[in-house]
Each structure stands twice: as structure tokens, then as C-alpha cells.
>>> print(open('entry02.txt').read())   # compact mmCIF, C-alpha atoms
# COMPACT_ATOMS: atom_id res chain seq x y z
CA MET A 1 -247.75 -1.74 -127.78
CA THR A 2 -245.07 -2.58 -130.32
CA MET A 3 -242.28 -0.29 -131.42
CA LEU A 4 -240.46 -0.11 -134.74
CA HIS A 5 -236.97 1.33 -134.28
CA THR A 6 -235.22 2.74 -137.33
CA VAL A 7 -231.44 3.10 -137.47
CA ASN A 8 -229.83 5.08 -140.26
CA LYS A 9 -226.18 5.44 -139.25
CA SER A 10 -223.32 2.98 -139.33
CA PRO A 11 -222.52 1.53 -135.90
CA PHE A 12 -218.91 2.54 -136.53
CA GLU A 13 -219.72 6.19 -137.14
CA LYS A 14 -222.03 6.82 -134.20
CA SER A 15 -223.27 5.16 -131.07
CA SER A 16 -226.86 5.46 -132.24
CA PHE A 17 -227.09 1.84 -133.41
CA GLU A 18 -225.78 0.60 -130.07
CA ALA A 19 -228.12 2.94 -128.21
CA CYS A 20 -230.99 1.50 -130.23
CA LEU A 21 -230.03 -2.07 -129.35
CA ASN A 22 -229.82 -1.06 -125.71
CA HIS A 23 -233.36 0.29 -125.76
CA ALA A 24 -235.16 -2.17 -128.01
CA ASN A 25 -237.41 -4.29 -125.82
CA THR A 26 -238.42 -7.85 -126.65
CA GLY A 27 -241.22 -7.84 -129.18
CA SER A 28 -239.98 -4.74 -130.96
CA SER A 29 -238.38 -4.56 -134.38
CA ILE A 30 -235.37 -2.77 -135.79
CA LEU A 31 -235.25 -1.62 -139.41
CA MET A 32 -231.85 -0.65 -140.77
CA ILE A 33 -231.92 2.02 -143.47
CA GLU A 34 -229.37 4.30 -145.15
CA ASP A 35 -225.94 3.80 -143.53
CA GLY A 36 -227.54 1.72 -140.80
CA VAL A 37 -227.46 -1.27 -143.16
CA TYR A 38 -223.78 -1.80 -142.42
CA GLY A 39 -224.84 -2.97 -138.98
CA ALA A 40 -226.42 -6.06 -140.55
CA MET A 41 -223.21 -7.43 -142.00
CA LYS A 42 -221.72 -10.50 -140.38
CA GLY A 43 -218.08 -10.75 -139.43
CA SER A 44 -217.76 -7.17 -138.19
CA ALA A 45 -216.79 -6.01 -134.71
CA PHE A 46 -220.46 -5.14 -134.21
CA SER A 47 -222.11 -8.29 -135.57
CA GLU A 48 -222.30 -10.13 -132.27
CA LYS A 49 -224.13 -7.25 -130.60
CA VAL A 50 -226.75 -7.29 -133.34
CA ALA A 51 -227.05 -11.07 -133.34
CA ALA A 52 -227.54 -10.99 -129.57
CA ALA A 53 -230.65 -8.79 -129.80
CA ASN A 54 -233.03 -11.16 -128.05
CA GLY A 55 -236.61 -11.22 -129.18
CA VAL A 56 -236.09 -8.26 -131.51
CA ALA A 57 -236.97 -8.78 -135.18
CA LEU A 58 -234.33 -7.39 -137.55
CA TYR A 59 -235.04 -5.90 -140.96
CA ILE A 60 -232.90 -4.23 -143.59
CA LEU A 61 -233.96 -1.94 -146.42
CA GLY A 62 -233.00 -3.74 -149.64
CA PRO A 63 -232.45 -0.64 -151.79
CA ASP A 64 -229.98 0.80 -149.25
CA MET A 65 -228.23 -2.57 -149.03
CA GLN A 66 -227.85 -2.82 -152.79
CA ALA A 67 -226.68 0.77 -153.08
CA ARG A 68 -223.81 -0.10 -150.77
CA GLY A 69 -222.86 -3.38 -152.46
CA ILE A 70 -224.00 -5.61 -149.61
CA SER A 71 -225.21 -8.99 -150.82
CA GLU A 72 -227.73 -11.06 -148.87
CA ASP A 73 -225.21 -13.78 -148.09
CA ARG A 74 -223.23 -11.27 -146.04
CA LEU A 75 -226.10 -10.57 -143.67
CA ILE A 76 -226.35 -11.78 -140.11
CA ASP A 77 -228.72 -14.76 -139.90
CA GLY A 78 -232.32 -13.85 -139.45
CA VAL A 79 -232.18 -10.33 -140.89
CA LYS A 80 -235.08 -9.95 -143.33
CA VAL A 81 -234.80 -7.78 -146.43
CA VAL A 82 -237.69 -5.43 -147.19
CA ASP A 83 -238.26 -2.78 -149.84
CA TYR A 84 -239.89 0.65 -149.31
CA ALA A 85 -243.33 -0.95 -149.49
CA GLY A 86 -242.18 -3.33 -146.77
CA PHE A 87 -240.92 -0.33 -144.79
CA VAL A 88 -244.41 1.15 -144.96
CA ASP A 89 -245.91 -2.16 -143.83
CA LEU A 90 -243.57 -2.30 -140.86
CA VAL A 91 -244.65 1.19 -139.86
CA THR A 92 -248.33 0.34 -140.00
CA GLU A 93 -247.89 -3.07 -138.35
CA HIS A 94 -246.19 -1.56 -135.28
CA ASP A 95 -247.87 0.90 -132.94
CA LYS A 96 -245.23 3.59 -133.19
CA VAL A 97 -241.85 4.39 -134.71
CA GLN A 98 -238.71 5.70 -133.07
CA ALA A 99 -235.83 6.98 -135.18
CA TRP A 100 -232.31 6.53 -133.75
CA LEU A 101 -230.45 9.22 -135.68
CA MET B 1 -258.53 15.70 -131.37
CA SER B 2 -260.33 14.04 -128.46
CA GLU B 3 -257.82 11.54 -127.18
CA ILE B 4 -254.70 12.73 -125.35
CA LYS B 5 -251.50 11.24 -126.73
CA LYS B 6 -248.24 10.58 -124.97
CA PHE B 7 -245.55 12.62 -126.73
CA MET B 8 -241.90 11.99 -126.01
CA TYR B 9 -239.15 14.28 -127.25
CA VAL B 10 -235.92 12.30 -127.37
CA ASN B 11 -232.72 14.27 -126.79
CA ARG B 12 -229.46 12.50 -127.56
CA ARG B 13 -227.17 15.34 -128.61
CA ALA B 14 -225.05 17.90 -126.81
CA PRO B 15 -226.01 21.58 -126.95
CA TYR B 16 -224.34 24.32 -129.05
CA GLY B 17 -222.21 22.05 -131.27
CA THR B 18 -225.34 21.57 -133.35
CA ILE B 19 -228.76 23.21 -133.36
CA TYR B 20 -230.78 20.10 -132.58
CA ALA B 21 -231.00 20.72 -128.82
CA LEU B 22 -232.27 24.28 -129.24
CA GLU B 23 -234.69 23.61 -132.07
CA SER B 24 -236.13 20.52 -130.37
CA LEU B 25 -236.77 22.65 -127.29
CA GLU B 26 -238.75 25.01 -129.51
CA VAL B 27 -241.02 22.12 -130.51
CA VAL B 28 -241.43 21.16 -126.86
CA LEU B 29 -242.60 24.66 -125.95
CA ILE B 30 -245.09 24.80 -128.80
CA SER B 31 -246.49 21.42 -127.82
CA ALA B 32 -247.46 22.82 -124.43
CA ALA B 33 -250.35 24.59 -126.14
CA PHE B 34 -251.83 21.31 -127.33
CA ASP B 35 -252.65 19.73 -123.96
CA GLN B 36 -250.98 16.42 -124.67
CA ASP B 37 -249.06 14.24 -122.21
CA VAL B 38 -245.54 15.52 -122.89
CA SER B 39 -242.26 14.18 -121.58
CA LEU B 40 -238.62 14.66 -122.50
CA ALA B 41 -235.95 11.95 -122.56
CA PHE B 42 -232.28 12.80 -122.14
CA LEU B 43 -229.86 10.03 -122.97
CA ASP B 44 -226.41 9.65 -124.56
CA ASP B 45 -224.99 13.14 -125.15
CA GLY B 46 -228.43 14.61 -124.54
CA VAL B 47 -227.68 14.61 -120.80
CA TYR B 48 -225.13 17.37 -121.46
CA GLN B 49 -228.00 19.69 -122.38
CA ILE B 50 -228.97 20.22 -118.77
CA MET B 51 -225.58 20.74 -117.18
CA LYS B 52 -225.57 23.78 -114.94
CA ASN B 53 -223.29 26.83 -114.97
CA THR B 54 -223.21 27.27 -118.71
CA LYS B 55 -221.93 30.59 -120.02
CA THR B 56 -222.13 31.22 -123.75
CA ASP B 57 -221.02 34.85 -124.11
CA ASP B 58 -217.61 33.99 -125.48
CA ILE B 59 -218.90 31.65 -128.17
CA GLY B 60 -221.32 34.38 -129.19
CA MET B 61 -224.41 32.24 -128.90
CA LYS B 62 -227.60 32.78 -126.97
CA ASN B 63 -227.69 30.68 -123.80
CA PHE B 64 -230.86 28.63 -123.80
CA SER B 65 -230.36 26.87 -120.44
CA PRO B 66 -232.98 29.14 -118.81
CA VAL B 67 -235.60 27.60 -121.10
CA TYR B 68 -235.28 24.24 -119.34
CA ASN B 69 -236.04 25.96 -116.07
CA ALA B 70 -239.16 27.49 -117.58
CA LEU B 71 -240.60 24.14 -118.74
CA GLY B 72 -242.52 23.77 -115.49
CA ASP B 73 -244.45 26.97 -116.27
CA TYR B 74 -245.57 25.28 -119.49
CA ASP B 75 -246.82 22.23 -117.59
CA ILE B 76 -243.95 20.13 -118.90
CA THR B 77 -242.89 18.34 -115.77
CA LYS B 78 -241.44 14.98 -116.85
CA LEU B 79 -237.78 15.03 -117.78
CA TYR B 80 -236.33 11.52 -117.84
CA ILE B 81 -232.55 11.38 -117.52
CA GLU B 82 -230.73 8.12 -118.16
CA GLN B 83 -228.43 6.99 -115.35
CA GLU B 84 -226.07 4.97 -117.55
CA SER B 85 -225.61 7.96 -119.87
CA LEU B 86 -224.63 10.07 -116.85
CA ASP B 87 -222.27 7.39 -115.54
CA GLU B 88 -220.55 6.95 -118.92
CA ARG B 89 -219.88 10.68 -118.95
CA GLY B 90 -218.73 10.94 -115.36
CA LEU B 91 -221.70 13.10 -114.44
CA THR B 92 -223.94 13.06 -111.40
CA LEU B 93 -227.22 14.72 -110.53
CA ASP B 94 -225.13 17.48 -108.91
CA ASP B 95 -223.83 18.50 -112.32
CA LEU B 96 -227.34 19.07 -113.63
CA MET B 97 -229.71 22.00 -113.35
CA ASP B 98 -232.25 21.73 -110.56
CA ILE B 99 -235.32 21.87 -112.77
CA LYS B 100 -238.56 22.14 -110.85
CA TYR B 101 -242.28 22.64 -111.32
CA GLU B 102 -245.09 23.74 -109.04
CA ASP B 103 -247.65 21.01 -108.47
CA GLU B 104 -251.07 22.67 -108.62
CA ASP B 105 -252.62 19.49 -107.20
CA ASP B 106 -250.43 19.72 -104.13
CA ASP B 107 -250.80 23.33 -103.00
CA TRP B 108 -248.23 24.51 -105.58
CA ALA B 109 -245.48 22.56 -103.84
CA GLU B 110 -242.17 22.70 -105.71
CA LYS B 111 -241.14 19.34 -107.06
CA PRO B 112 -238.27 18.13 -109.22
CA SER B 113 -239.09 17.64 -112.89
CA ILE B 114 -236.02 15.49 -113.34
CA LYS B 115 -236.48 11.76 -112.96
CA VAL B 116 -233.29 9.75 -113.20
CA VAL B 117 -234.08 6.33 -114.67
CA SER B 118 -232.08 3.28 -115.60
CA ARG B 119 -231.55 2.34 -119.23
CA LYS B 120 -234.11 -0.46 -118.85
CA GLU B 121 -236.64 1.94 -117.31
CA MET B 122 -236.00 4.42 -120.13
CA ALA B 123 -236.70 1.69 -122.71
CA ASP B 124 -239.95 0.89 -120.89
CA VAL B 125 -241.03 4.55 -120.72
CA MET B 126 -240.32 4.88 -124.44
CA ASP B 127 -242.49 1.83 -125.09
CA GLN B 128 -245.40 3.55 -123.35
CA GLN B 129 -245.39 6.55 -125.69
CA ASP B 130 -247.71 7.16 -128.64
CA VAL B 131 -245.49 9.57 -130.56
CA LEU B 132 -241.70 9.83 -130.34
CA MET B 133 -239.80 12.64 -131.96
CA SER B 134 -236.05 12.53 -132.53
CA PHE B 135 -234.02 15.46 -133.74
CA MET C 1 -253.74 4.61 -142.36
CA LYS C 2 -252.96 8.28 -141.77
CA LEU C 3 -249.19 8.87 -141.71
CA SER C 4 -246.99 11.93 -141.27
CA VAL C 5 -243.33 12.39 -142.06
CA LEU C 6 -240.71 14.66 -140.48
CA VAL C 7 -237.64 15.58 -142.54
CA ASN C 8 -234.80 16.98 -140.46
CA GLU C 9 -232.06 17.45 -143.04
CA GLY C 10 -231.53 19.35 -146.26
CA PRO C 11 -231.31 17.91 -149.77
CA TYR C 12 -228.21 16.03 -150.90
CA GLN C 13 -226.12 16.60 -147.76
CA HIS C 14 -227.86 13.68 -146.07
CA GLN C 15 -229.99 10.85 -147.42
CA ALA C 16 -232.89 11.87 -145.18
CA SER C 17 -234.86 13.74 -147.84
CA ASP C 18 -234.39 10.93 -150.37
CA SER C 19 -235.49 8.29 -147.87
CA ALA C 20 -238.48 10.39 -146.85
CA LEU C 21 -239.48 10.86 -150.50
CA GLN C 22 -239.24 7.13 -151.27
CA PHE C 23 -241.16 6.26 -148.11
CA THR C 24 -243.87 8.80 -148.86
CA ARG C 25 -244.25 7.52 -152.44
CA ALA C 26 -244.47 3.92 -151.25
CA ALA C 27 -247.07 4.83 -148.63
CA LEU C 28 -249.22 6.62 -151.22
CA GLU C 29 -248.89 3.71 -153.64
CA LYS C 30 -250.24 1.45 -150.92
CA GLY C 31 -253.25 3.69 -150.53
CA HIS C 32 -252.30 5.31 -147.23
CA GLU C 33 -252.99 8.94 -146.52
CA ILE C 34 -250.05 11.24 -145.92
CA PHE C 35 -251.44 13.84 -143.52
CA ARG C 36 -248.38 16.08 -143.63
CA VAL C 37 -244.69 16.15 -144.50
CA PHE C 38 -242.99 18.60 -142.13
CA PHE C 39 -239.55 20.02 -142.87
CA TYR C 40 -237.51 21.10 -139.82
CA HIS C 41 -233.90 22.06 -139.03
CA ASP C 42 -231.96 22.05 -142.32
CA GLY C 43 -234.89 20.15 -143.80
CA VAL C 44 -236.35 23.54 -144.71
CA ASN C 45 -233.70 23.76 -147.44
CA ASN C 46 -235.67 21.17 -149.39
CA GLY C 47 -238.14 23.99 -150.04
CA THR C 48 -236.06 26.37 -152.14
CA ARG C 49 -236.79 26.58 -155.85
CA PHE C 50 -233.30 27.79 -156.75
CA THR C 51 -231.42 24.51 -156.72
CA VAL C 52 -229.81 23.48 -160.00
CA PRO C 53 -228.61 19.94 -159.41
CA PRO C 54 -226.66 18.11 -162.14
CA GLN C 55 -228.87 16.94 -165.02
CA ASP C 56 -227.85 13.32 -164.68
CA ASP C 57 -228.95 13.05 -161.07
CA ARG C 58 -232.26 13.37 -159.27
CA ASN C 59 -233.83 16.75 -158.56
CA LEU C 60 -235.11 16.46 -155.00
CA GLN C 61 -237.03 19.72 -154.88
CA GLU C 62 -238.80 18.99 -158.15
CA SER C 63 -239.57 15.47 -156.96
CA TRP C 64 -241.26 16.83 -153.83
CA THR C 65 -243.10 19.52 -155.81
CA THR C 66 -244.34 16.95 -158.35
CA LEU C 67 -245.42 14.47 -155.67
CA GLN C 68 -247.24 17.28 -153.87
CA ALA C 69 -249.15 18.23 -157.01
CA GLU C 70 -250.04 14.62 -157.88
CA HIS C 71 -251.42 13.82 -154.43
CA GLU C 72 -252.29 17.23 -152.98
CA LEU C 73 -249.82 16.68 -150.19
CA ASP C 74 -249.34 19.16 -147.37
CA LEU C 75 -245.62 20.02 -147.43
CA VAL C 76 -244.88 22.36 -144.55
CA VAL C 77 -241.64 24.23 -143.97
CA CYS C 78 -241.19 25.42 -140.38
CA ILE C 79 -241.21 29.21 -140.24
CA ALA C 80 -238.70 29.56 -137.39
CA ALA C 81 -236.19 27.18 -138.99
CA ALA C 82 -236.83 28.78 -142.39
CA GLN C 83 -236.18 32.29 -141.10
CA ARG C 84 -232.85 31.17 -139.65
CA ARG C 85 -231.82 29.58 -142.93
CA GLY C 86 -233.24 32.05 -145.45
CA ILE C 87 -236.21 30.24 -146.94
CA LEU C 88 -238.94 32.78 -147.60
CA ASP C 89 -242.23 32.96 -149.43
CA GLU C 90 -243.60 36.20 -150.88
CA ASN C 91 -245.38 37.19 -147.68
CA GLU C 92 -242.40 36.53 -145.48
CA ALA C 93 -240.06 38.42 -147.83
CA GLU C 94 -242.34 41.44 -147.69
CA ARG C 95 -242.80 41.18 -143.92
CA GLN C 96 -239.07 40.91 -143.32
CA GLY C 97 -238.04 43.52 -145.89
CA LYS C 98 -236.06 41.10 -148.06
CA ASP C 99 -235.54 41.73 -151.76
CA GLY C 100 -236.67 38.31 -152.92
CA ASN C 101 -238.27 35.03 -151.99
CA ASN C 102 -237.30 31.47 -152.83
CA ILE C 103 -240.00 29.04 -151.72
CA ALA C 104 -240.56 26.17 -154.12
CA PRO C 105 -244.00 25.41 -155.54
CA GLY C 106 -246.03 23.05 -153.42
CA PHE C 107 -244.35 23.98 -150.15
CA ARG C 108 -245.95 26.29 -147.59
CA ILE C 109 -244.36 28.02 -144.62
CA SER C 110 -246.07 27.59 -141.26
CA GLY C 111 -245.52 27.22 -137.54
CA LEU C 112 -244.19 24.38 -135.41
CA GLY C 113 -247.72 23.79 -134.22
CA GLN C 114 -248.26 22.05 -137.55
CA LEU C 115 -245.71 19.42 -136.55
CA VAL C 116 -247.35 18.81 -133.20
CA GLU C 117 -250.74 18.66 -134.92
CA ALA C 118 -249.35 16.07 -137.34
CA GLY C 119 -248.32 13.97 -134.36
CA ILE C 120 -251.78 14.27 -132.86
CA GLU C 121 -253.86 13.74 -136.01
CA SER C 122 -251.78 11.00 -137.63
CA GLU C 123 -251.63 7.37 -136.63
CA ARG C 124 -247.90 7.18 -137.24
CA LEU C 125 -245.10 9.77 -137.45
CA VAL C 126 -241.90 8.69 -139.22
CA VAL C 127 -238.74 10.75 -138.72
CA PHE C 128 -235.88 11.03 -141.23
CA GLY C 129 -232.70 12.80 -140.16
CA ASP C 130 -229.06 12.44 -139.41
>>> encode(input="entry02.txt", output="C-alpha cells")
Amino acid sequence: MTMLHTVNKSPFEKSSFEACLNHANTGSSILMIEDGVYGAMKGSAFSEKVAAANGVALYILGPDMQARGISEDRLIDGVKVVDYAGFVDLVTEHDKVQAWL
Amino acid sequence: MSEIKKFMYVNRRAPYGTIYALESLEVVLISAAFDQDVSLAFLDDGVYQIMKNTKTDDIGMKNFSPVYNALGDYDITKLYIEQESLDERGLTLDDLMDIKYEDEDDDWAEKPSIKVVSRKEMADVMDQQDVLMSF
Amino acid sequence: MKLSVLVNEGPYQHQASDSALQFTRAALEKGHEIFRVFFYHDGVNNGTRFTVPPQDDRNLQESWTTLQAEHELDLVVCIAAAQRRGILDENEAERQGKDGNNIAPGFRISGLGQLVEAGIESERLVVFGD
């Protein structure tokens, strides 16, 4: 069974993002929304932890990215941008969703 | 409503500073009436929720620690506590409430509801669930 | 697919209600069924009709009310959380002896069992909070 993890807080505000990475098994996906999108930026103190997520597919919600002035070229390699329709698809394509608040 | 689902209530916050711990417990109790396969996960600051010897008179709030002890009566017998979360906070099993249930399949023998699991085991248990609620 | 949504925070203070609204709209546009949107904790504050947000910004309550009417959604405000925070419908106001009620159109007040039921009856439950 596959899990979609959602993270909505900045990794610098709370430990939720880190907790998510620590519990995301291979084959699962992480979607960054709201303030969670900051976790997808390269060159931060957190970037390596995200990049090291082995076998976990990474997604970022485009609208939240744009709202915060993050351009695609600033994203960690391999992070895929989706819109709300893509968010819905991720939910239906995985067996369940866990929100790391 | 034929198939039984595995419901996990994920607790990651400390009690009293915010209402999440109390109100999530209220959902847990209600879910007992629905005959699903319910378990609770305590990780990160959620492990603070079941520390023993809490006394809330002087903060003027109702102490809801007794509710954890009553979970067994509601057939909620699986409380997963994350070892690493305890370690990070300098806590041991001794700091936690001794939450038990009576096993009707074993002559009502008293058994611990608390299962301390590693982070990896917690991730695996989460992966086995059908519905996960975070508060 | 049958989806349900849980909203744990109030309007404006956190992005949760906005995200939930956008997600719900997108799901409906894709032809999915939204079984229920359940409002818990401060999320119940999405259900008051007395907000007067600035004209040049979105009106979250009206957005939910409109979406509910367009798609006959089931927007449920948890009664226990609502009582704590002062969200009442006419019945509750009368029952509790309060001199007014404030529930917004399209929202209904009900028990936590509705949240558990949403988890059971839906194929996916998506949580928005802080």
C-alpha cells in the first residue's frame, strides 16, 4: 500500500518536515504545500536531508511555490511541480494520505 | 460499511499548550462506537501526552490524563509510542502512565496497551493503516 | 473516487481552509465525489456568517457556502468544537439559551461521529491543518 505524505510547514519553523522524512518509507511520496514548499529549495541547511530521501518521490504544489516567489530553478533536483489538480491525482493514485502538520 | 478499516490517530503535540491532544482524544472515543481497528501513535511531542503525575489545578484546566486510562474500556488497546521520540526528550517508559486493557480472549487478563516501537517500526505500522488522522 | 476533507483551522489565521477549498474545487472539477468536508478544532470558525473580510480579498465563508450550494456538499461543523468556540445554529442557540446564532448557510452542526463515518465511507481522507 502506498502512502502520500503532505507537509505544510517550513522545516525551519517546525520539526514536522523532518519527522515526515524520517517516516516516509521507500515507495511513498511527499507533497509539499503551503509553507512546506520552502523545504524544496536547494542550498538551504535542510536541502541535503530532502535530497537524501531514498526511494521517496518528491512533489511541490506550484501555486504555493509561486505565491512565495520560489522559481523552479531553485528547487532540489527531482522535485516535480504539480497544481491542485495534480494534488488530487496524487491523492487518488496513492492508497492513503498522511498530513504532517 | 462492511469492511473494517485500520484507523490511526497520530499524536505529535504536547498536551495543554494547545487543544489538539484533548480534541483528538474526543475523536478516538467516538470512534470506539464504530467497530473499526483503531490504534493511536504517539511520536515527537505527542509522547508528552501520556506522562504520569500530571496535576492541572493551578493552570485551571481539566486534567484529561484519566481518559487515556479509560481507553481499554472502549476496546482501544493499541497505543504505539516511538522510542526515538522518548530518547530525544530524555524520557523512559517509567515516566509514562501504565495504560492497560483487559483481554477478553485471555480470561480478562490485564495487559499493557502501550507498545514502544522504533521509528522504523512506527513508519511500517503507519504504512499498514487505511485512514490516518492528524490534528 | 469518494473523498473527504478535514479542516482543522479557522479562516485566514492559517492557510488550511484556503488549501482545503482549492483542493475540494479541484477534486470536484475532476469529477470526484466529495463525501464530506468536516470542520474541527478552530476549523469550526469557517462556519460563521458574520465575517466581513476586506472587499479586495477572498471571502472564505462565502466561497464555502457557494461551493456547497453548487455541488450539494455536506459541510459539517463539529458540535463539541463549535460549542467551545461559539458557533451555533438556531436549534443550538435555543437549546443553550443564547440570544443569537451565527451559522453560515450551507454548513450544518453535527457530531464527531460524522468525521469517523467520513473516514469509513470515503476512499481517501485529506487533512488540512497547522
>>> residues_around(input="entry02.txt", residues="region 84-92 of chain C", least_positions_apart="2", cutoff="10 Å", atoms="all atoms listed in the file", output="PyMOL selection string")
chain C and resi 41-49+77-82+94-105+107-109
>>> closest_atom_pairs(input="entry02.txt", of="chain C", to="chain B", cutoff="9 Å", atoms="all atoms listed in the file", output="Markdown table")
| residue | atom | partner | partner_atom | distance |
| --- | --- | --- | --- | --- |
| C:Leu6 | CA | B:Met133 | CA | 8.8 |
| C:Asn8 | CA | B:Phe135 | CA | 6.9 |
| C:Tyr40 | CA | B:Glu23 | CA | 8.6 |
| C:His41 | CA | B:Glu23 | CA | 7.2 |
| C:Ala80 | CA | B:Glu23 | CA | 8.9 |
| C:Ala81 | CA | B:Glu23 | CA | 7.9 |
| C:Leu112 | CA | B:Val27 | CA | 6.3 |
| C:Gly113 | CA | B:Ile30 | CA | 6.1 |
| C:Leu115 | CA | B:Val27 | CA | 8.1 |
| C:Val116 | CA | B:Ser31 | CA | 6.0 |
| C:Glu117 | CA | B:Phe34 | CA | 8.1 |
| C:Gly119 | CA | B:Val131 | CA | 6.5 |
| C:Ile120 | CA | B:Lys5 | CA | 6.8 |
| C:Glu121 | CA | B:Met1 | CA | 6.9 |
| C:Glu123 | CA | B:Asp130 | CA | 8.9 |
| C:Arg124 | CA | B:Val131 | CA | 7.5 |
| C:Leu125 | CA | B:Val131 | CA | 6.9 |
| C:Val126 | CA | B:Met133 | CA | 8.5 |
| C:Val127 | CA | B:Ser134 | CA | 7.0 |
| C:Phe128 | CA | B:Ser134 | CA | 8.8 |
| C:Gly129 | CA | B:Phe135 | CA | 7.1 |
| C:Asp130 | CA | B:Phe135 | CA | 8.1 |
>>> closest_residue(input="entry02.txt", among="A:Asn8, A:Ser71, A:Ser44, A:Thr2", to="chain C", atoms="only C-alpha atoms")
A:Asn8
>>> interface_residues(input="entry02.txt", of="chain B", to="chain A", cutoff="12 Å", atoms="all atoms listed in the file", output="PyMOL selection string")
chain B and resi 5-13+20+43-45+82+84-85+118-135
>>> atom_distance(input="entry02.txt", atom1="CA of Leu91 (chain B)", atom2="CA of Leu21 (chain A)")
22.8 Å
>>> residues_around(input="entry02.txt", residues="Tyr16 (chain B)", least_positions_apart="4", cutoff="10 Å", atoms="only C-alpha atoms", output="PyMOL selection string")
chain B and resi 20-22+49+56+59+61-64
>>> atom_distance(input="entry02.txt", atom1="CA of Ala53 (chain A)", atom2="CA of Pro11 (chain A)")
14.5 Å
>>> residues_near_point(input="entry02.txt", point="(-239.9, 15.2, -121.2)", cutoff="8 Å", atoms="all atoms listed in the file", output="ChimeraX atom specification")
/B:8-10,38-41,76-80
>>> closest_residue(input="entry02.txt", among="A:Val56, A:Val7, A:Leu75, A:Val50", to="chain C", atoms="all atoms listed in the file")
A:Val7
>>> atom_distance(input="entry02.txt", atom1="CA of Arg89 (chain B)", atom2="CA of Val47 (chain B)")
8.9 Å
>>> interface_residues(input="entry02.txt", of="chain C", to="chain A", cutoff="12 Å", atoms="all atoms listed in the file", output="VMD selection string")
chain C and resid 1 to 9 14 to 34 119 122 to 130
>>> residues_around(input="entry02.txt", residues="Glu48 (chain A)", least_positions_apart="6", cutoff="12 Å", atoms="all atoms listed in the file", output="list of chain:residue names")
A:Glu18, A:Leu21, A:Gly39, A:Ala40, A:Met41, A:Lys42, A:Asn54, A:Ile76, A:Asp77
>>> build_atoms(input="entry02.txt", residues="region 96-118 of chain C", atoms="N, CA and C atoms", output="CSV table (one decimal), in the frame of the given file")
chain,number,residue,atom,x,y,z
C,96,GLN,N,-240.4,40.8,-143.9
C,96,GLN,CA,-239.1,40.9,-143.3
C,96,GLN,C,-238.2,41.9,-144.1
C,97,GLY,N,-238.8,42.5,-145.1
C,97,GLY,CA,-238.0,43.5,-145.9
C,97,GLY,C,-236.9,42.9,-146.7
C,98,LYS,N,-237.1,41.7,-147.2
C,98,LYS,CA,-236.1,41.1,-148.1
C,98,LYS,C,-236.4,41.3,-149.5
C,99,ASP,N,-235.3,41.4,-150.4
C,99,ASP,CA,-235.5,41.7,-151.8
C,99,ASP,C,-235.9,40.5,-152.7
C,100,GLY,N,-236.3,39.4,-152.1
C,100,GLY,CA,-236.7,38.3,-152.9
C,100,GLY,C,-237.2,37.2,-152.1
C,101,ASN,N,-237.8,36.2,-152.7
C,101,ASN,CA,-238.3,35.0,-152.0
C,101,ASN,C,-237.9,33.8,-152.8
C,102,ASN,N,-237.8,32.6,-152.1
C,102,ASN,CA,-237.3,31.5,-152.8
C,102,ASN,C,-238.1,30.2,-152.6
C,103,ILE,N,-239.3,30.3,-152.0
C,103,ILE,CA,-240.0,29.0,-151.7
C,103,ILE,C,-240.4,28.3,-153.0
C,104,ALA,N,-240.3,27.0,-153.0
C,104,ALA,CA,-240.6,26.2,-154.1
C,104,ALA,C,-242.1,25.9,-154.2
C,105,PRO,N,-242.6,25.7,-155.4
C,105,PRO,CA,-244.0,25.4,-155.5
C,105,PRO,C,-244.4,24.2,-154.8
C,106,GLY,N,-245.6,24.2,-154.1
C,106,GLY,CA,-246.0,23.0,-153.4
C,106,GLY,C,-245.7,23.0,-151.9
C,107,PHE,N,-244.7,23.9,-151.6
C,107,PHE,CA,-244.4,24.0,-150.2
C,107,PHE,C,-245.0,25.2,-149.5
C,108,ARG,N,-245.4,25.1,-148.2
C,108,ARG,CA,-246.0,26.3,-147.6
C,108,ARG,C,-245.2,26.5,-146.3
C,109,ILE,N,-245.1,27.7,-145.9
C,109,ILE,CA,-244.4,28.0,-144.6
C,109,ILE,C,-245.4,28.2,-143.5
C,110,SER,N,-245.1,27.5,-142.4
C,110,SER,CA,-246.1,27.6,-141.3
C,110,SER,C,-245.4,27.3,-140.0
C,111,GLY,N,-246.1,27.4,-138.9
C,111,GLY,CA,-245.5,27.2,-137.5
C,111,GLY,C,-245.3,25.8,-137.1
C,112,LEU,N,-244.5,25.7,-136.0
C,112,LEU,CA,-244.2,24.4,-135.4
C,112,LEU,C,-245.4,23.6,-134.9
C,113,GLY,N,-246.5,24.4,-134.7
C,113,GLY,CA,-247.7,23.8,-134.2
C,113,GLY,C,-248.2,22.8,-135.2
C,114,GLN,N,-247.8,23.0,-136.5
C,114,GLN,CA,-248.3,22.0,-137.6
C,114,GLN,C,-247.6,20.7,-137.4
C,115,LEU,N,-246.4,20.7,-136.8
C,115,LEU,CA,-245.7,19.4,-136.6
C,115,LEU,C,-246.4,18.7,-135.4
C,116,VAL,N,-246.7,19.4,-134.3
C,116,VAL,CA,-247.4,18.8,-133.2
C,116,VAL,C,-248.7,18.3,-133.6
C,117,GLU,N,-249.4,19.1,-134.4
C,117,GLU,CA,-250.7,18.7,-134.9
C,117,GLU,C,-250.6,17.4,-135.7
C,118,ALA,N,-249.6,17.3,-136.5
C,118,ALA,CA,-249.4,16.1,-137.3
C,118,ALA,C,-249.2,14.9,-136.4
